[in-house]
Amino acid sequence: MITLDWKPDKQNKTPIYRQIVKYISDKIAAGDWVIGSRLPSQRAMAKAFEVNRSTIVSAMEELISYGILESDFGGGTRVASNTWSLRMSQPPDWNKYIASGPFGANLSTIQTINKMEFEPGYIRIGTGELSPELYPGKLISKIFRRMPERIPNLGYLGTLGLPELGQALSAWLKESQGIDAKASNIMIASGSLQALQLVSVCMLKRGSDVYTEAPSYLKSLQIFQSAGMNLHGVPLDEEGLQYWNIKDASNESLLYTIPTFHNPTGTVMSEKRRKEVMAFCQKQPMPILEDDAYGQLWLDEKPPVSLKSRDKTGSVIYMGTISKTMAPGLRIGWVVGPEAVVYRLGDVKMQTDYGASSVSQWMMTELITSGDYDIYLEELRKELRARRDNALAALDKHFKGLATWKKPKGGFYIWLRFDKRLPMDKIFNKALKAGILLNPGNVYDYAENHAIRLSYAYADPEDLTKALEILAAIIEKHQKR
Ligand code: PMP
């Protein structure tokens, strides 16, 4: 039974016919007016709403065009549907939807950085990516030219990815890093971030504990927190994370670590600490997720071997990537672990994106099996060494007395710690005004810190020197006040 117990608000800015459209559709959506019920005549509605007939006609036409109402044989109208939301010209309340998904938004500083990185004219002093100047265009062209003969088809691939790449990585990981892994222990992911995401949704319950170095790259992401895990920071010293501070860990926990050229501090876990961490985790037992994104980028001497290469019991899940050494846009990473683990991750990956790009996987296979990748890495180390030395020289010149830092032995980063408290938001904005985009240290940390993550990999060395001089002046001026 349809009763008209409402009147449009003539003072309201919304046109009256739209108010009527909303009233009627709300009634139907709420189930008050059921499908098939006849509406009162237009004349009756005009009278009840105290409006002109033409207003009713407009409202009816709109509702009929959405399929909410339909004309019936007797010349009247009746309710046709209550599943119109997709056809409505009024947008849904997206804010409500946007706030509802379980995956957390980026920190707002990171959103700003992500945006500003694509604005021209900024010197990016913290970007964790190789400079476009270091892009090995000739090598990539050579590899691309070989692709037509290598690629037999571009169909979907199996659970672990391209078998040829699995074989190639198995041999390469053994030779270059002493990691014993069969192709059946290796899963190809679309970058190591995806591997992290898969671990977070496949391997841990909500409420599990994930331990990381404090600070850690992982803290700047919402991956584990969004899946309901609790992230805990473990203090870090020159030798690596102080595992002995992990106390009363629950049965459902995991240690995520970047032991080699840590992001953001550049720390290398010492040989001794590696052994102790392995022993500690085995005793718990607590699985280790080893992120080795930067391990190949040693500049002075080879770092101690990875945790994975010491793993005799299948306690370590290891992640590698080509993003930091060559091309993040290829979106290729690899996970090495016990067969059951990589199959589990691969199975969910199949349900997520059916596999990483096969073009990228064939390219990666060719890069490794041709030996070109190792030759390229040698060249890259030389370039990065020169860039690191340039950055250190600029720091010596402009930051003595303001901050402290260590000479990194590899990777991209210098962790610049300020002696005094710094209002990082203000410094970030002032630097931005001066054309400098920086990565504040607190996005990686569990507590407030007064540090900046510098990267010598991205900005042109001369630009970096210039930017560091300007930044030092900004900070000095601030500290004098
Ligand atoms: N792990 C670490 C430690 C990183 O620094 C990054 C990139 N900043 C990633 C993983 C993500 O890399 P990918 O492009 O392989 O997803």
# chains A, B, ... in the order shown; residues from 1 in each chain; ligands from 1
$ residues_around --residues "Met45 in chain A" --least-positions-apart "2" --cutoff "12 Å" --atoms "only C-alpha atoms" --output "ChimeraX atom specification"
/A:2-8,17,20,24,39-43,47-57,59-60,76-77
$ closest_atom_pairs --of "chain A" --to "ligand 1" --cutoff "8 Å" --atoms "only C-alpha atoms and all ligand atoms" --output "Markdown table"
| residue | atom | partner | partner_atom_place_in_ligand_line | distance |
| --- | --- | --- | --- | --- |
| A:Gly128 | CA | ligand 1 | 8 (N) | 5.6 |
| A:Glu129 | CA | ligand 1 | 8 (N) | 7.4 |
| A:Ser190 | CA | ligand 1 | 16 (O) | 7.0 |
| A:Gly191 | CA | ligand 1 | 15 (O) | 3.6 |
| A:Ser192 | CA | ligand 1 | 15 (O) | 3.7 |
| A:Leu193 | CA | ligand 1 | 16 (O) | 3.7 |
| A:Gln194 | CA | ligand 1 | 16 (O) | 6.2 |
| A:Ala195 | CA | ligand 1 | 16 (O) | 7.8 |
| A:Tyr217 | CA | ligand 1 | 3 (C) | 5.9 |
| A:Leu218 | CA | ligand 1 | 3 (C) | 7.4 |
| A:Ile258 | CA | ligand 1 | 3 (C) | 6.2 |
| A:His262 | CA | ligand 1 | 3 (C) | 6.9 |
| A:Asn263 | CA | ligand 1 | 3 (C) | 5.4 |
| A:Pro264 | CA | ligand 1 | 5 (O) | 7.8 |
| A:Asp291 | CA | ligand 1 | 1 (N) | 5.9 |
| A:Asp292 | CA | ligand 1 | 3 (C) | 6.9 |
| A:Ala293 | CA | ligand 1 | 2 (C) | 5.3 |
| A:Tyr294 | CA | ligand 1 | 3 (C) | 7.2 |
| A:Gly320 | CA | ligand 1 | 15 (O) | 7.2 |
| A:Thr321 | CA | ligand 1 | 15 (O) | 4.7 |
| A:Ile322 | CA | ligand 1 | 15 (O) | 6.5 |
| A:Ser323 | CA | ligand 1 | 14 (O) | 4.7 |
| A:Lys324 | CA | ligand 1 | 7 (C) | 7.1 |
| A:Pro328 | CA | ligand 1 | 14 (O) | 5.0 |
| A:Gly329 | CA | ligand 1 | 14 (O) | 7.7 |
| A:Arg331 | CA | ligand 1 | 14 (O) | 6.1 |
| A:Ile332 | CA | ligand 1 | 15 (O) | 6.5 |
| A:Gly333 | CA | ligand 1 | 15 (O) | 5.3 |
$ residues_around --residues "Ala451 in chain A" --least-positions-apart "2" --cutoff "6 Å" --atoms "only C-alpha atoms" --output "ChimeraX atom specification"
/A:416-418,441,449
$ select_by_dssp --residues "range 256-427 of chain A" --states "alpha helix (DSSP H)" --output "ChimeraX atom specification"
/A:271-283,339-352,358-369,372-398,424-427
$ select_by_dssp --residues "range 101-310 of chain A" --states "strand (DSSP E or B)" --output "PyMOL selection string"
chain A and resi 123-124+186-189+209-214+230-237+240-241+253-257+288-291+298
$ closest_residue --among "A:Gly337, A:Gly314, A:Gly371, A:Gly295" --to "Gln177 in chain A" --atoms "only C-alpha atoms"
A:Gly295
$ residues_around --residues "Met229 in chain A" --least-positions-apart "6" --cutoff "10 Å" --atoms "only C-alpha atoms" --output "PDB file with C-alpha atoms, in the first residue's frame"
ATOM      1  CA  SER A 200      50.590 -11.735   4.586  1.00  0.00           C
ATOM      2  CA  LEU A 204      49.700 -15.835   8.954  1.00  0.00           C
ATOM      3  CA  LYS A 205      46.569 -15.548  11.037  1.00  0.00           C
ATOM      4  CA  ARG A 206      45.093 -12.232  12.063  1.00  0.00           C
ATOM      5  CA  GLY A 207      46.672 -11.197  15.312  1.00  0.00           C
ATOM      6  CA  SER A 208      50.040 -12.815  14.480  1.00  0.00           C
ATOM      7  CA  ASP A 209      53.219 -10.941  15.337  1.00  0.00           C
ATOM      8  CA  VAL A 210      55.684  -9.776  12.707  1.00  0.00           C
ATOM      9  CA  GLN A 222      50.439  -1.269   5.370  1.00  0.00           C
ATOM     10  CA  ILE A 223      50.704  -4.809   4.073  1.00  0.00           C
ATOM     11  CA  GLU A 252      52.193 -17.395  15.329  1.00  0.00           C
ATOM     12  CA  SER A 253      55.011 -15.047  14.548  1.00  0.00           C
TER      13      SER A 253
END
$ residues_around --residues "range 109-113 of chain A" --least-positions-apart "4" --cutoff "10 Å" --atoms "only C-alpha atoms" --output "ChimeraX atom specification"
/A:105,117-119,124,126-127,220-221,425,428,437-440,442-443
$ write_last_selection --atoms "all heavy atoms" --output "CSV table (one decimal), in the first residue's frame"
chain,number,residue,atom,x,y,z
A,105,ALA,N,45.4,2.8,3.8
A,105,ALA,CA,46.0,3.8,2.8
A,105,ALA,C,47.5,4.0,3.2
A,105,ALA,O,47.9,3.8,4.3
A,105,ALA,CB,45.2,5.1,2.9
A,117,GLU,N,57.1,12.7,-7.0
A,117,GLU,CA,58.1,12.0,-7.8
A,117,GLU,C,57.8,12.1,-9.3
A,117,GLU,O,58.7,12.0,-10.1
A,117,GLU,CB,58.2,10.5,-7.4
A,117,GLU,CG,59.0,10.4,-6.1
A,117,GLU,CD,59.3,8.9,-5.7
A,117,GLU,OE1,58.6,8.0,-6.3
A,117,GLU,OE2,60.1,8.7,-4.9
A,118,PHE,N,56.5,12.4,-9.6
A,118,PHE,CA,56.2,12.5,-11.0
A,118,PHE,C,56.0,14.0,-11.4
A,118,PHE,O,55.6,14.2,-12.5
A,118,PHE,CB,55.0,11.6,-11.3
A,118,PHE,CG,55.4,10.2,-11.3
A,118,PHE,CD1,55.3,9.5,-10.1
A,118,PHE,CD2,56.0,9.6,-12.4
A,118,PHE,CE1,55.8,8.1,-10.0
A,118,PHE,CE2,56.4,8.3,-12.3
A,118,PHE,CZ,56.3,7.5,-11.1
A,119,GLU,N,56.3,14.9,-10.6
A,119,GLU,CA,56.4,16.3,-10.9
A,119,GLU,C,57.8,16.6,-11.4
A,119,GLU,O,58.7,16.2,-10.7
A,119,GLU,CB,56.0,17.2,-9.7
A,119,GLU,CG,54.7,16.9,-9.1
A,119,GLU,CD,53.6,17.6,-9.8
A,119,GLU,OE1,53.8,18.7,-10.5
A,119,GLU,OE2,52.4,17.1,-9.7
A,124,ARG,N,65.5,14.5,-6.3
A,124,ARG,CA,65.0,13.5,-5.4
A,124,ARG,C,66.1,12.9,-4.7
A,124,ARG,O,66.8,12.1,-5.2
A,124,ARG,CB,64.2,12.4,-6.3
A,124,ARG,CG,62.9,13.0,-6.8
A,124,ARG,CD,62.4,12.3,-8.1
A,124,ARG,NE,62.2,10.9,-7.8
A,124,ARG,CZ,61.6,10.0,-8.7
A,124,ARG,NH1,61.2,10.5,-9.8
A,124,ARG,NH2,61.5,8.8,-8.5
A,126,GLY,N,66.0,11.0,-1.9
A,126,GLY,CA,65.8,9.8,-1.1
A,126,GLY,C,65.2,8.6,-1.9
A,126,GLY,O,64.9,7.6,-1.4
A,127,THR,N,65.1,8.8,-3.2
A,127,THR,CA,64.4,7.8,-4.0
A,127,THR,C,65.1,6.5,-4.1
A,127,THR,O,66.3,6.4,-4.5
A,127,THR,CB,64.1,8.3,-5.5
A,127,THR,OG1,63.3,9.5,-5.4
A,127,THR,CG2,63.5,7.3,-6.4
A,220,SER,N,56.9,1.2,6.5
A,220,SER,CA,56.3,2.3,5.7
A,220,SER,C,55.2,1.8,4.9
A,220,SER,O,54.5,2.5,4.2
A,220,SER,CB,57.4,2.9,4.8
A,220,SER,OG,57.8,2.0,3.8
A,221,LEU,N,54.9,0.5,4.9
A,221,LEU,CA,53.8,-0.1,4.1
A,221,LEU,C,52.7,-0.6,5.1
A,221,LEU,O,53.0,-0.7,6.3
A,221,LEU,CB,54.3,-1.3,3.4
A,221,LEU,CG,55.6,-1.1,2.5
A,221,LEU,CD1,56.2,-2.5,2.1
A,221,LEU,CD2,55.2,-0.3,1.2
A,425,ASP,N,58.2,17.6,9.5
A,425,ASP,CA,57.2,18.1,8.5
A,425,ASP,C,57.6,19.5,7.9
A,425,ASP,O,57.5,19.7,6.7
A,425,ASP,CB,55.8,18.3,9.2
A,425,ASP,CG,55.2,17.0,9.4
A,425,ASP,OD1,55.7,16.0,8.9
A,425,ASP,OD2,54.1,16.9,10.0
A,428,PHE,N,60.6,19.1,5.6
A,428,PHE,CA,60.1,18.4,4.4
A,428,PHE,C,59.5,19.5,3.4
A,428,PHE,O,59.8,19.6,2.3
A,428,PHE,CB,59.1,17.3,4.7
A,428,PHE,CG,58.5,16.6,3.5
A,428,PHE,CD1,59.2,15.6,2.9
A,428,PHE,CD2,57.3,17.0,3.0
A,428,PHE,CE1,58.7,14.9,1.8
A,428,PHE,CE2,56.7,16.3,1.9
A,428,PHE,CZ,57.5,15.2,1.3
A,437,LEU,N,63.1,17.0,-2.9
A,437,LEU,CA,62.1,16.0,-2.4
A,437,LEU,C,62.9,15.0,-1.5
A,437,LEU,O,63.8,14.3,-2.0
A,437,LEU,CB,61.4,15.2,-3.6
A,437,LEU,CG,60.4,14.2,-3.2
A,437,LEU,CD1,59.2,14.9,-2.4
A,437,LEU,CD2,59.8,13.6,-4.4
A,438,LEU,N,62.5,14.9,-0.3
A,438,LEU,CA,63.3,14.0,0.6
A,438,LEU,C,62.4,12.9,1.3
A,438,LEU,O,61.2,13.1,1.3
A,438,LEU,CB,64.1,14.8,1.7
A,438,LEU,CG,63.3,15.7,2.6
A,438,LEU,CD1,62.7,15.0,3.8
A,438,LEU,CD2,64.3,16.8,3.2
A,439,ASN,N,63.0,11.9,1.8
A,439,ASN,CA,62.3,10.8,2.5
A,439,ASN,C,62.5,10.9,4.0
A,439,ASN,O,63.6,10.5,4.5
A,439,ASN,CB,62.7,9.5,2.0
A,439,ASN,CG,62.2,9.1,0.6
A,439,ASN,OD1,62.3,10.0,-0.3
A,439,ASN,ND2,61.7,8.0,0.4
A,440,PRO,N,61.6,11.5,4.7
A,440,PRO,CA,61.8,11.6,6.2
A,440,PRO,C,61.9,10.2,6.8
A,440,PRO,O,61.2,9.3,6.5
A,440,PRO,CB,60.5,12.3,6.7
A,440,PRO,CG,59.8,12.8,5.5
A,440,PRO,CD,60.2,11.9,4.3
A,442,ASN,N,61.0,9.1,9.7
A,442,ASN,CA,60.0,8.6,10.5
A,442,ASN,C,58.9,7.7,9.8
A,442,ASN,O,58.2,7.0,10.5
A,442,ASN,CB,59.3,9.7,11.4
A,442,ASN,CG,58.9,10.9,10.5
A,442,ASN,OD1,58.8,10.7,9.3
A,442,ASN,ND2,58.8,12.1,11.1
A,443,VAL,N,58.8,7.8,8.5
A,443,VAL,CA,57.9,6.9,7.8
A,443,VAL,C,58.3,5.4,8.0
A,443,VAL,O,57.5,4.5,7.8
A,443,VAL,CB,57.7,7.2,6.3
A,443,VAL,CG1,57.1,8.6,6.2
A,443,VAL,CG2,58.9,7.0,5.5
